[in-house]
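Structure file entry24.cif; described as mmCIF, C-alpha atoms.
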```cif
data_model
loop_
_atom_site.label_atom_id
_atom_site.label_comp_id
_atom_site.auth_asym_id
_atom_site.auth_seq_id
_atom_site.Cartn_x
_atom_site.Cartn_y
_atom_site.Cartn_z
CA MET C 11 -139.14 -57.64 -110.21
CA ILE C 12 -141.82 -55.36 -111.61
CA ARG C 13 -140.56 -52.51 -109.41
CA TYR C 14 -137.14 -52.71 -111.05
CA LEU C 15 -138.80 -52.83 -114.46
CA ILE C 16 -140.79 -49.66 -113.68
CA LYS C 17 -137.66 -47.97 -112.34
CA ASN C 18 -135.55 -48.89 -115.39
CA ASN C 19 -138.26 -47.82 -117.84
CA PHE C 20 -138.55 -44.52 -116.02
CA LYS C 21 -134.78 -44.02 -116.44
CA LEU C 22 -135.04 -44.87 -120.15
CA MET C 23 -137.71 -42.20 -120.55
CA MET C 24 -135.53 -39.64 -118.81
CA ARG C 25 -132.79 -40.31 -121.36
CA SER C 26 -135.17 -38.90 -123.96
CA ALA C 27 -135.73 -35.75 -121.92
CA THR C 28 -135.93 -33.66 -125.12
CA ASN C 29 -139.15 -35.42 -126.12
CA ILE C 30 -140.66 -34.75 -122.71
CA LEU C 31 -139.54 -31.12 -122.76
CA LEU C 32 -141.12 -30.58 -126.18
CA TYR C 33 -144.23 -32.36 -124.90
CA ILE C 34 -144.48 -29.71 -122.16
CA ILE C 35 -143.45 -26.60 -124.10
CA THR C 36 -145.24 -27.11 -127.44
CA PRO C 37 -148.77 -26.78 -126.00
CA VAL C 38 -147.75 -23.55 -124.27
CA ILE C 39 -146.60 -22.07 -127.58
CA LEU C 40 -149.82 -23.16 -129.31
CA VAL C 41 -151.96 -21.68 -126.53
CA ALA C 42 -150.23 -18.33 -127.04
CA LEU C 43 -150.69 -18.44 -130.82
CA LEU C 44 -154.27 -19.77 -130.97
CA SER C 45 -155.68 -17.62 -128.17
CA SER C 46 -154.29 -14.54 -129.91
CA ALA C 47 -155.46 -15.58 -133.38
CA PHE C 48 -158.98 -16.64 -132.40
CA GLY C 49 -159.65 -14.25 -129.54
CA ASP C 50 -161.88 -12.01 -131.69
CA LEU C 51 -163.80 -15.03 -133.00
CA LEU C 52 -164.85 -16.11 -129.51
CA GLU C 53 -165.73 -12.53 -128.61
CA LYS C 54 -168.55 -12.77 -131.15
CA TYR C 55 -169.95 -15.65 -129.15
CA LYS C 56 -170.63 -13.35 -126.20
CA THR C 57 -173.96 -11.64 -125.68
CA ASP C 58 -175.26 -9.13 -123.18
CA GLY C 59 -178.08 -11.48 -122.19
CA ILE C 60 -180.81 -9.45 -123.92
CA ILE C 61 -182.14 -10.61 -127.28
CA LYS C 62 -183.89 -8.10 -129.49
CA ALA C 63 -186.10 -9.29 -132.31
CA GLY C 64 -189.02 -8.04 -134.33
CA TYR C 65 -192.13 -9.42 -135.95
CA CYS C 66 -194.94 -8.38 -138.23
CA ILE C 67 -198.23 -9.88 -139.37
CA ASN C 68 -198.62 -9.93 -143.11
CA ALA C 69 -201.94 -8.12 -143.61
CA GLU C 70 -202.56 -9.73 -147.00
CA ASP C 71 -202.10 -13.35 -145.95
CA THR C 72 -202.82 -13.41 -142.22
CA ASP C 73 -205.73 -15.26 -140.60
CA VAL C 74 -206.95 -16.03 -137.07
CA LYS C 75 -204.57 -18.96 -136.69
CA SER C 76 -201.54 -16.82 -137.50
CA GLN C 77 -202.71 -14.02 -135.21
CA LEU C 78 -203.08 -16.47 -132.33
CA LEU C 79 -199.61 -17.89 -132.98
CA ALA C 80 -198.13 -14.38 -133.06
CA GLU C 81 -199.85 -13.54 -129.76
CA GLN C 82 -198.53 -16.68 -128.04
CA VAL C 83 -195.02 -16.04 -129.32
CA ARG C 84 -195.18 -12.48 -127.99
CA ILE C 85 -196.31 -13.71 -124.56
CA ALA C 86 -193.57 -16.34 -124.43
CA ALA C 87 -190.96 -13.77 -125.46
CA ASN C 88 -192.06 -11.43 -122.64
CA GLU C 89 -191.47 -14.26 -120.16
CA SER C 90 -188.00 -14.82 -121.58
CA ASP C 91 -184.93 -12.59 -121.87
CA MET C 92 -186.17 -11.32 -125.21
CA ILE C 93 -187.53 -8.01 -126.46
CA LEU C 94 -189.94 -8.83 -129.27
CA THR C 95 -191.23 -5.71 -130.99
CA GLU C 96 -194.17 -5.62 -133.38
CA TYR C 97 -193.78 -3.58 -136.57
CA PRO C 98 -196.75 -2.47 -138.65
CA GLU C 99 -194.85 -2.97 -141.91
CA CYS C 100 -192.88 -6.05 -142.88
CA GLU C 101 -189.73 -4.13 -143.81
CA VAL C 102 -187.47 -6.94 -142.70
CA GLU C 103 -183.99 -5.94 -143.87
CA LYS C 104 -184.51 -2.28 -143.04
CA LYS C 105 -185.62 -2.94 -139.46
CA ILE C 106 -182.92 -5.54 -138.80
CA LEU C 107 -180.24 -3.03 -139.80
CA GLU C 108 -181.79 0.04 -138.20
CA ASP C 109 -182.58 -1.55 -134.81
CA ASP C 110 -179.78 -4.15 -134.78
CA LEU C 111 -182.24 -7.03 -134.37
CA ALA C 112 -181.13 -10.63 -133.94
CA GLY C 113 -183.99 -11.81 -136.12
CA PHE C 114 -187.36 -10.99 -137.58
CA ILE C 115 -190.52 -13.12 -137.85
CA VAL C 116 -193.08 -12.64 -140.59
CA PHE C 117 -196.39 -14.36 -139.78
CA GLU C 118 -198.40 -15.45 -142.80
CA LYS C 119 -201.59 -17.45 -143.42
CA ASP C 120 -202.47 -20.86 -141.94
CA GLY C 121 -200.00 -20.43 -139.10
CA GLU C 122 -197.06 -20.26 -141.47
CA TYR C 123 -194.16 -17.98 -140.66
CA THR C 124 -190.71 -17.05 -141.92
CA ILE C 125 -187.74 -16.28 -139.67
CA TYR C 126 -185.01 -13.94 -140.92
CA GLU C 127 -181.71 -14.17 -139.06
CA ASN C 128 -179.08 -11.51 -138.56
CA GLY C 129 -175.72 -13.08 -139.43
CA GLU C 130 -173.96 -10.98 -136.80
CA HIS C 131 -176.24 -12.33 -134.06
CA LYS C 132 -176.67 -15.93 -135.16
CA TYR C 133 -176.63 -17.34 -131.61
CA GLU C 134 -179.43 -15.02 -130.50
CA ALA C 135 -181.27 -15.93 -133.70
CA LYS C 136 -181.06 -19.59 -132.71
CA ALA C 137 -182.78 -18.70 -129.45
CA LEU C 138 -185.55 -17.03 -131.46
CA ASN C 139 -185.90 -20.20 -133.52
CA TYR C 140 -186.07 -22.26 -130.35
CA LEU C 141 -188.74 -19.99 -128.87
CA ILE C 142 -191.15 -20.17 -131.79
CA SER C 143 -190.56 -23.92 -132.23
CA SER C 144 -191.41 -24.47 -128.56
CA VAL C 145 -194.60 -22.42 -128.87
CA ASN C 146 -195.62 -24.43 -131.94
CA GLU C 147 -195.01 -27.71 -130.12
CA HIS C 148 -197.09 -26.59 -127.14
CA ILE C 149 -199.95 -25.48 -129.38
CA ALA C 150 -199.87 -28.77 -131.30
CA GLN C 151 -199.90 -30.74 -128.04
CA PHE C 152 -202.76 -28.61 -126.72
CA MET C 153 -204.82 -29.26 -129.85
CA LEU C 154 -204.13 -33.00 -129.61
CA ASP C 155 -205.12 -33.13 -125.94
CA ALA C 156 -208.28 -31.17 -126.70
CA TYR C 157 -209.19 -33.61 -129.48
CA ARG C 158 -208.68 -36.67 -127.28
CA SER C 159 -210.37 -35.28 -124.14
CA ASP C 160 -214.07 -34.78 -123.44
CA THR C 161 -213.27 -31.74 -121.29
CA PRO C 162 -211.18 -29.00 -122.88
CA PRO C 163 -207.74 -28.67 -121.22
CA GLU C 164 -206.50 -25.35 -119.89
CA ALA C 165 -204.16 -23.59 -122.27
CA GLU C 166 -200.76 -23.09 -120.68
CA ILE C 167 -197.47 -22.56 -122.44
CA THR C 168 -194.23 -23.08 -120.56
CA ILE C 169 -190.94 -22.40 -122.30
CA GLU C 170 -187.96 -24.29 -120.93
CA HIS C 171 -184.65 -22.61 -121.60
CA PRO C 172 -181.82 -25.02 -122.46
CA LEU C 173 -178.50 -24.51 -120.67
CA TYR C 174 -176.14 -22.93 -123.16
CA MET C 175 -172.48 -22.67 -122.32
CA GLU C 176 -171.61 -19.23 -121.06
CA PRO C 177 -168.99 -17.25 -122.99
CA ILE C 178 -165.41 -18.36 -122.44
CA GLU C 179 -162.21 -16.47 -123.13
CA ALA C 180 -160.05 -17.76 -125.99
CA THR C 181 -157.09 -18.03 -123.60
CA ASP C 182 -159.07 -20.22 -121.21
CA TYR C 183 -160.48 -22.35 -124.02
CA TYR C 184 -157.21 -23.09 -125.83
CA GLY C 185 -155.28 -23.20 -122.54
CA ILE C 186 -157.43 -26.17 -121.59
CA ILE C 187 -158.04 -28.07 -124.81
CA GLU C 188 -154.40 -28.00 -126.02
CA VAL C 189 -153.30 -29.66 -122.78
CA ILE C 190 -155.80 -32.44 -123.45
CA TYR C 191 -154.92 -32.75 -127.13
CA PHE C 192 -151.20 -33.16 -126.50
CA GLY C 193 -151.98 -35.46 -123.57
CA TRP C 194 -153.40 -37.90 -126.11
CA CYS C 195 -150.03 -37.94 -127.87
CA ALA C 196 -148.63 -39.72 -124.80
CA VAL C 197 -146.90 -42.33 -126.95
CA VAL C 198 -144.15 -39.76 -127.66
CA CYS C 199 -143.05 -39.89 -124.03
CA GLY C 200 -142.60 -43.66 -124.28
CA ALA C 201 -140.38 -43.46 -127.35
CA GLY C 202 -137.28 -43.88 -125.17
CA ILE C 203 -138.59 -47.18 -123.81
CA PHE C 204 -139.58 -48.50 -127.22
CA THR C 205 -136.32 -47.50 -128.89
CA ALA C 206 -134.17 -49.06 -126.15
CA GLU C 207 -136.30 -52.19 -126.20
CA LYS C 208 -135.56 -52.68 -129.91
CA LYS C 209 -131.94 -51.57 -129.78
CA TYR C 210 -130.85 -53.74 -126.85
CA HIS C 211 -133.39 -56.56 -127.34
CA ILE C 212 -134.79 -55.89 -123.88
CA GLY C 213 -138.14 -57.38 -124.82
CA LYS C 214 -136.65 -60.79 -125.58
CA LYS C 215 -134.74 -60.80 -122.30
CA LEU C 216 -137.87 -59.93 -120.34
CA LYS C 217 -139.85 -62.72 -121.97
CA VAL C 218 -137.63 -65.31 -120.25
CA SER C 219 -137.79 -63.51 -116.91
CA GLY C 220 -141.02 -65.14 -115.83
CA LEU C 221 -142.99 -61.87 -115.89
CA SER C 222 -146.53 -62.13 -117.24
CA GLU C 223 -147.78 -59.97 -120.09
CA LEU C 224 -149.83 -57.95 -117.60
CA GLN C 225 -146.70 -57.22 -115.56
CA LEU C 226 -144.79 -56.24 -118.70
CA PHE C 227 -147.65 -53.94 -119.65
CA LEU C 228 -147.75 -52.33 -116.20
CA GLY C 229 -143.96 -51.96 -116.32
CA LYS C 230 -144.42 -49.55 -119.24
CA PHE C 231 -147.82 -48.14 -118.35
CA ILE C 232 -147.03 -46.89 -114.84
CA PRO C 233 -143.86 -44.87 -115.64
CA MET C 234 -145.41 -43.49 -118.83
CA LEU C 235 -148.56 -42.47 -116.94
CA LEU C 236 -146.49 -40.70 -114.29
CA VAL C 237 -144.48 -38.76 -116.87
CA VAL C 238 -147.49 -37.91 -119.06
CA SER C 239 -149.68 -36.83 -116.14
CA ILE C 240 -146.98 -34.73 -114.50
CA SER C 241 -146.05 -33.17 -117.85
CA SER C 242 -149.69 -32.29 -118.62
CA LEU C 243 -150.19 -30.79 -115.16
CA LEU C 244 -146.93 -28.85 -115.53
CA THR C 245 -148.13 -27.50 -118.88
CA ALA C 246 -151.39 -26.44 -117.25
CA GLY C 247 -149.45 -24.76 -114.44
CA ILE C 248 -147.24 -22.86 -116.89
CA THR C 249 -150.25 -21.58 -118.86
CA ILE C 250 -151.89 -20.46 -115.61
CA LEU C 251 -148.77 -18.49 -114.65
CA LEU C 252 -148.09 -17.03 -118.11
CA PHE C 253 -151.59 -16.44 -119.47
CA GLY C 254 -153.88 -16.64 -116.45
CA VAL C 255 -155.80 -19.66 -117.76
CA HIS C 256 -158.72 -20.40 -115.46
CA TRP C 257 -159.47 -24.03 -114.61
CA GLY C 258 -162.77 -24.60 -112.85
CA SER C 259 -162.98 -27.07 -109.93
CA PRO C 260 -159.19 -27.65 -109.84
CA LEU C 261 -159.26 -31.07 -108.14
CA LEU C 262 -161.95 -32.45 -110.46
CA SER C 263 -160.22 -30.96 -113.51
CA ALA C 264 -156.89 -32.47 -112.42
CA LEU C 265 -158.58 -35.86 -112.01
CA ILE C 266 -160.00 -35.67 -115.53
CA VAL C 267 -156.57 -34.71 -116.91
CA VAL C 268 -154.96 -37.70 -115.15
CA LEU C 269 -157.68 -40.09 -116.35
CA SER C 270 -157.31 -38.70 -119.87
CA SER C 271 -153.54 -39.30 -119.64
CA ALA C 272 -154.15 -42.86 -118.44
CA ALA C 273 -156.49 -43.57 -121.36
CA ALA C 274 -154.04 -42.05 -123.84
CA THR C 275 -151.11 -44.04 -122.41
CA ALA C 276 -152.96 -47.34 -122.59
CA PHE C 277 -154.18 -46.44 -126.09
CA GLY C 278 -150.63 -45.85 -127.31
CA LEU C 279 -149.28 -49.03 -125.69
CA MET C 280 -152.07 -51.02 -127.32
CA PHE C 281 -150.92 -50.01 -130.81
CA TYR C 282 -147.28 -50.61 -129.93
CA ASN C 283 -148.02 -54.14 -128.70
CA ILE C 284 -150.05 -54.80 -131.85
CA THR C 285 -147.52 -53.47 -134.38
CA GLY C 286 -144.22 -53.81 -132.52
CA ASN C 287 -143.01 -50.82 -134.52
CA VAL C 288 -142.36 -47.39 -133.00
CA VAL C 289 -142.81 -45.38 -136.20
CA VAL C 290 -146.03 -47.13 -137.23
CA THR C 291 -147.38 -46.72 -133.68
CA ILE C 292 -146.68 -42.98 -133.57
CA ILE C 293 -148.14 -42.34 -137.04
CA THR C 294 -151.27 -44.39 -136.30
CA VAL C 295 -151.89 -42.80 -132.90
CA PHE C 296 -151.25 -39.29 -134.21
CA ALA C 297 -153.66 -39.81 -137.12
CA ILE C 298 -156.45 -41.07 -134.85
CA VAL C 299 -155.87 -38.34 -132.26
CA TRP C 300 -155.84 -35.64 -134.94
CA VAL C 301 -159.23 -36.76 -136.26
CA ALA C 302 -160.69 -37.08 -132.75
CA GLY C 303 -159.27 -33.68 -131.85
CA PHE C 304 -160.58 -32.04 -135.01
CA VAL C 305 -164.09 -33.35 -134.33
CA GLY C 306 -163.78 -32.65 -130.62
CA GLY C 307 -162.89 -28.97 -130.89
CA SER C 308 -159.11 -28.99 -130.47
CA PHE C 309 -158.70 -26.69 -133.49
CA GLU C 310 -162.11 -25.27 -134.37
CA THR C 311 -164.02 -24.52 -131.17
CA TYR C 312 -166.80 -27.04 -130.70
CA MET C 313 -169.31 -24.20 -130.02
CA LEU C 314 -168.81 -22.91 -133.56
CA SER C 315 -168.20 -26.28 -135.20
CA THR C 316 -170.53 -27.42 -137.98
CA GLN C 317 -169.79 -31.11 -137.34
CA PRO C 318 -172.91 -33.22 -136.62
CA GLN C 319 -173.51 -33.73 -132.90
CA VAL C 320 -173.56 -37.52 -133.39
CA LEU C 321 -170.03 -37.34 -134.78
CA LYS C 322 -168.86 -35.19 -131.87
CA ASP C 323 -170.29 -37.61 -129.33
CA ILE C 324 -168.11 -40.40 -130.74
CA SER C 325 -164.91 -38.49 -129.93
CA PRO C 326 -163.64 -38.92 -126.34
CA ILE C 327 -161.70 -35.67 -126.73
CA TYR C 328 -165.00 -33.83 -127.27
CA HIS C 329 -166.40 -35.09 -123.96
CA ILE C 330 -163.20 -34.22 -122.10
CA ASN C 331 -162.89 -30.79 -123.73
CA ARG C 332 -166.50 -29.92 -123.06
CA ALA C 333 -166.39 -31.11 -119.44
CA LEU C 334 -163.28 -29.06 -118.65
CA THR C 335 -164.31 -25.89 -120.50
CA GLU C 336 -167.77 -25.90 -118.91
CA LEU C 337 -166.22 -26.45 -115.50
CA SER C 338 -164.06 -23.41 -116.27
CA CYS C 339 -166.82 -21.02 -117.30
CA MET C 340 -169.85 -22.41 -115.45
CA GLY C 341 -168.41 -24.40 -112.56
CA ARG C 342 -170.38 -27.48 -113.59
CA SER C 343 -170.81 -29.73 -116.61
CA ASP C 344 -173.19 -32.48 -117.67
CA TYR C 345 -170.29 -34.01 -119.60
CA THR C 346 -168.12 -34.75 -116.56
CA GLY C 347 -169.59 -38.22 -116.11
CA SER C 348 -169.29 -39.16 -119.78
CA ALA C 349 -165.71 -37.84 -119.92
CA VAL C 350 -164.69 -39.96 -116.92
CA MET C 351 -166.49 -43.05 -118.24
CA TYR C 352 -164.95 -42.63 -121.70
CA CYS C 353 -161.44 -42.46 -120.20
CA ILE C 354 -161.97 -45.49 -117.94
CA MET C 355 -163.49 -47.52 -120.78
CA ILE C 356 -160.70 -46.70 -123.25
CA MET C 357 -158.03 -47.39 -120.62
CA PHE C 358 -159.55 -50.77 -119.71
CA VAL C 359 -160.21 -51.93 -123.29
CA SER C 360 -156.80 -50.75 -124.53
CA ALA C 361 -155.03 -52.47 -121.63
CA CYS C 362 -156.85 -55.76 -122.33
CA VAL C 363 -156.04 -55.61 -126.05
CA ALA C 364 -152.41 -54.65 -125.34
CA VAL C 365 -151.93 -57.60 -122.94
CA PHE C 366 -153.60 -60.00 -125.37
CA ALA C 367 -151.51 -58.70 -128.31
CA GLY C 368 -148.34 -59.08 -126.23
CA TYR C 369 -149.32 -62.65 -125.39
CA ILE C 370 -149.89 -63.47 -129.08
CA ARG C 371 -146.53 -61.96 -130.06
CA ARG C 372 -144.79 -63.99 -127.34
CA ARG C 373 -146.43 -67.19 -128.60
CA LYS C 374 -145.13 -66.39 -132.08
CA GLY C 375 -141.63 -65.82 -130.67
CA GLU C 376 -141.49 -62.17 -131.77
#
```
Write out the structure in this file as structure tokens.
Amino acid sequence: MIRYLIKNNFKLMMRSATNILLYIITPVILVALLSSAFGDLLEKYKTDGIIKAGYCINAEDTDVKSQLLAEQVRIAANESDMILTEYPECEVEKKILEDDLAGFIVFEKDGEYTIYENGEHKYEAKALNYLISSVNEHIAQFMLDAYRSDTPPEAEITIEHPLYMEPIEATDYYGIIEVIYFGWCAVVCGAGIFTAEKKYHIGKKLKVSGLSELQLFLGKFIPMLLVVSISSLLTAGITILLFGVHWGSPLLSALIVVLSSAAATAFGLMFYNITGNVVVTIITVFAIVWVAGFVGGSFETYMLSTQPQVLKDISPIYHINRALTELSCMGRSDYTGSAVMYCIMIMFVSACVAVFAGYIRRRKGE
């Protein structure tokens, strides 16, 4: 019986082929527009791998502590991809402009210092901030160990370089994240099923068929998942052909897209089973997806986003976007596991809530 239900629901979806066609074409149009509009913005994110910065020691305020800090920072910079040049005079603005420096450090008394950043090289300036912060932490730890130990420890400073995402082309970025964003609007593809269910009272007929709520859920979930997954993969294929979008680790990326589609489908069905209203379901899902997409980098790239990291980590779209874009530009991503787990968790929880909501509505005779 469930096979016939899946087959019939699939046919109902095909009757609303316009929705599915728009679902495939709209992301392609947005990829073309956004990659063109924000291409120059992402170009600023790129660096040549060499960071140039300067420093000076304020002769009026300096002391031994500041000189030692400056020396350790210079040594650490030499071991990193950074050219740190000492200037006899603290002419900060002049030297930043003349030598195109990413930043400038002024060492003052009692180990105090001031970092001046070049707005045109703010990512390199962040690396300079990270370098001097790491040196400070190592010195503080060394002093603490020396205080606690009877034998003085050997001074050794090791700077660990965090893995930053390598530059990515705007076409690749938006060619990936728009597929995911529209994939979370999967409820649109099921509009044909929902409309027919209300128009012809199919739901009431199915409730006396002996099918369980889980079977009724799967009867909608499976055909919707097939259509949404195939549509998303088709969109990805079109962007590859038209714009040359590069997807890293194709099989793994395709798996993440399918899992994302499964989570989005179950998520949409959950709200439909709760509300029983197509319009309310679409509005609610779209509002939630828009917020999650905004935080997750679907509009403003997450590399340049000023949203707190804690807020980003809440959004499943952020994890999926970051996993796929890092697979594209680096071939690996620490977010692959969290993206997969997020999708599985949302799919499972949404399915359970949808089945339970359907059971409650049946008990009420709705």
Go ahead and compute the interatomic distance for atom CA of Ala180 of chain C and atom CA of Asn128 of chain C, in Å to one decimal.
23.6 Å
Apply the PyMOL selection byres ((chain C and resi 229-241) around 7) to the file shown and report the selected residues as a PyMOL selection string.
chain C and resi 12+15-16+19-20+34+193+196+199-200+225-228+242-245+268+271-272+275-276
Which one is closest to Glu223 of chain C: C:Ile178, C:Asn68, C:Tyr369, C:Ile324? Count only C-alpha atoms.
C:Tyr369
Phe304 of chain C proximity check over C:Ile187, C:Ala333, C:Ala274, C:Leu279, using all atoms listed in the file: winner is C:Ile187
Quick check, in Å to one decimal: how far apart do atom CA of Arg25 of chain C and atom CA of Leu40 of chain C lie?
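Those two atoms sit 25.4 Å apart.
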Suppose a student applies the PyMOL selection byres ((chain C and resi 341-346) around 12) to this structure; what residues should they get, written as an NGL selection string?
:C and (173-176 or 178 or 256-260 or 262-263 or 265-267 or 269-270 or 323 or 326-340 or 347-353)
Hits of the PyMOL selection byres ((chain C and resi 100-109) around 10) in this structure, as JSON, numbers by chain:
{"C": [62, 63, 64, 65, 66, 67, 68, 69, 96, 97, 98, 99, 110, 111, 112, 113, 114, 115, 116, 117, 125, 126, 127, 128]}
Just the number, please: distance in Å from atom CA of Asn139 of chain C to atom CA of Lys322 of chain C, one decimal.
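Value for the atom CA of Asn139 of chain C-atom CA of Lys322 of chain C distance: 22.8 Å.
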Excluding segment 284-295 of chain C and any residue of its chain fewer than 3 positions from it, enumerate the residues within 10 Å of it, using only C-alpha atoms, and give them as a PDB file with C-alpha atoms, in the frame of the given file.
```
ATOM      1  CA  TRP C 194    -153.400 -37.900-126.110  1.00  0.00           C
ATOM      2  CA  CYS C 195    -150.030 -37.940-127.870  1.00  0.00           C
ATOM      3  CA  ALA C 196    -148.630 -39.720-124.800  1.00  0.00           C
ATOM      4  CA  VAL C 197    -146.900 -42.330-126.950  1.00  0.00           C
ATOM      5  CA  VAL C 198    -144.150 -39.760-127.660  1.00  0.00           C
ATOM      6  CA  GLY C 200    -142.600 -43.660-124.280  1.00  0.00           C
ATOM      7  CA  ALA C 201    -140.380 -43.460-127.350  1.00  0.00           C
ATOM      8  CA  GLY C 202    -137.280 -43.880-125.170  1.00  0.00           C
ATOM      9  CA  ILE C 203    -138.590 -47.180-123.810  1.00  0.00           C
ATOM     10  CA  PHE C 204    -139.580 -48.500-127.220  1.00  0.00           C
ATOM     11  CA  THR C 205    -136.320 -47.500-128.890  1.00  0.00           C
ATOM     12  CA  LYS C 208    -135.560 -52.680-129.910  1.00  0.00           C
ATOM     13  CA  ALA C 274    -154.040 -42.050-123.840  1.00  0.00           C
ATOM     14  CA  PHE C 277    -154.180 -46.440-126.090  1.00  0.00           C
ATOM     15  CA  GLY C 278    -150.630 -45.850-127.310  1.00  0.00           C
ATOM     16  CA  LEU C 279    -149.280 -49.030-125.690  1.00  0.00           C
ATOM     17  CA  MET C 280    -152.070 -51.020-127.320  1.00  0.00           C
ATOM     18  CA  PHE C 281    -150.920 -50.010-130.810  1.00  0.00           C
ATOM     19  CA  ILE C 298    -156.450 -41.070-134.850  1.00  0.00           C
ATOM     20  CA  VAL C 299    -155.870 -38.340-132.260  1.00  0.00           C
ATOM     21  CA  TRP C 300    -155.840 -35.640-134.940  1.00  0.00           C
ATOM     22  CA  VAL C 363    -156.040 -55.610-126.050  1.00  0.00           C
ATOM     23  CA  ALA C 364    -152.410 -54.650-125.340  1.00  0.00           C
ATOM     24  CA  VAL C 365    -151.930 -57.600-122.940  1.00  0.00           C
ATOM     25  CA  PHE C 366    -153.600 -60.000-125.370  1.00  0.00           C
ATOM     26  CA  ALA C 367    -151.510 -58.700-128.310  1.00  0.00           C
ATOM     27  CA  GLY C 368    -148.340 -59.080-126.230  1.00  0.00           C
ATOM     28  CA  ILE C 370    -149.890 -63.470-129.080  1.00  0.00           C
ATOM     29  CA  ARG C 371    -146.530 -61.960-130.060  1.00  0.00           C
ATOM     30  CA  GLU C 376    -141.490 -62.170-131.770  1.00  0.00           C
TER      31      GLU C 376
END
```
Neighbouring residues of Val38 of chain C were defined as those with any atom within 9 Å, considering all atoms listed in the file; residues of the same chain fewer than 5 positions away were excluded. Please report them as a PyMOL selection string.
chain C and resi 43+185+188-189+245-246+248-249+252
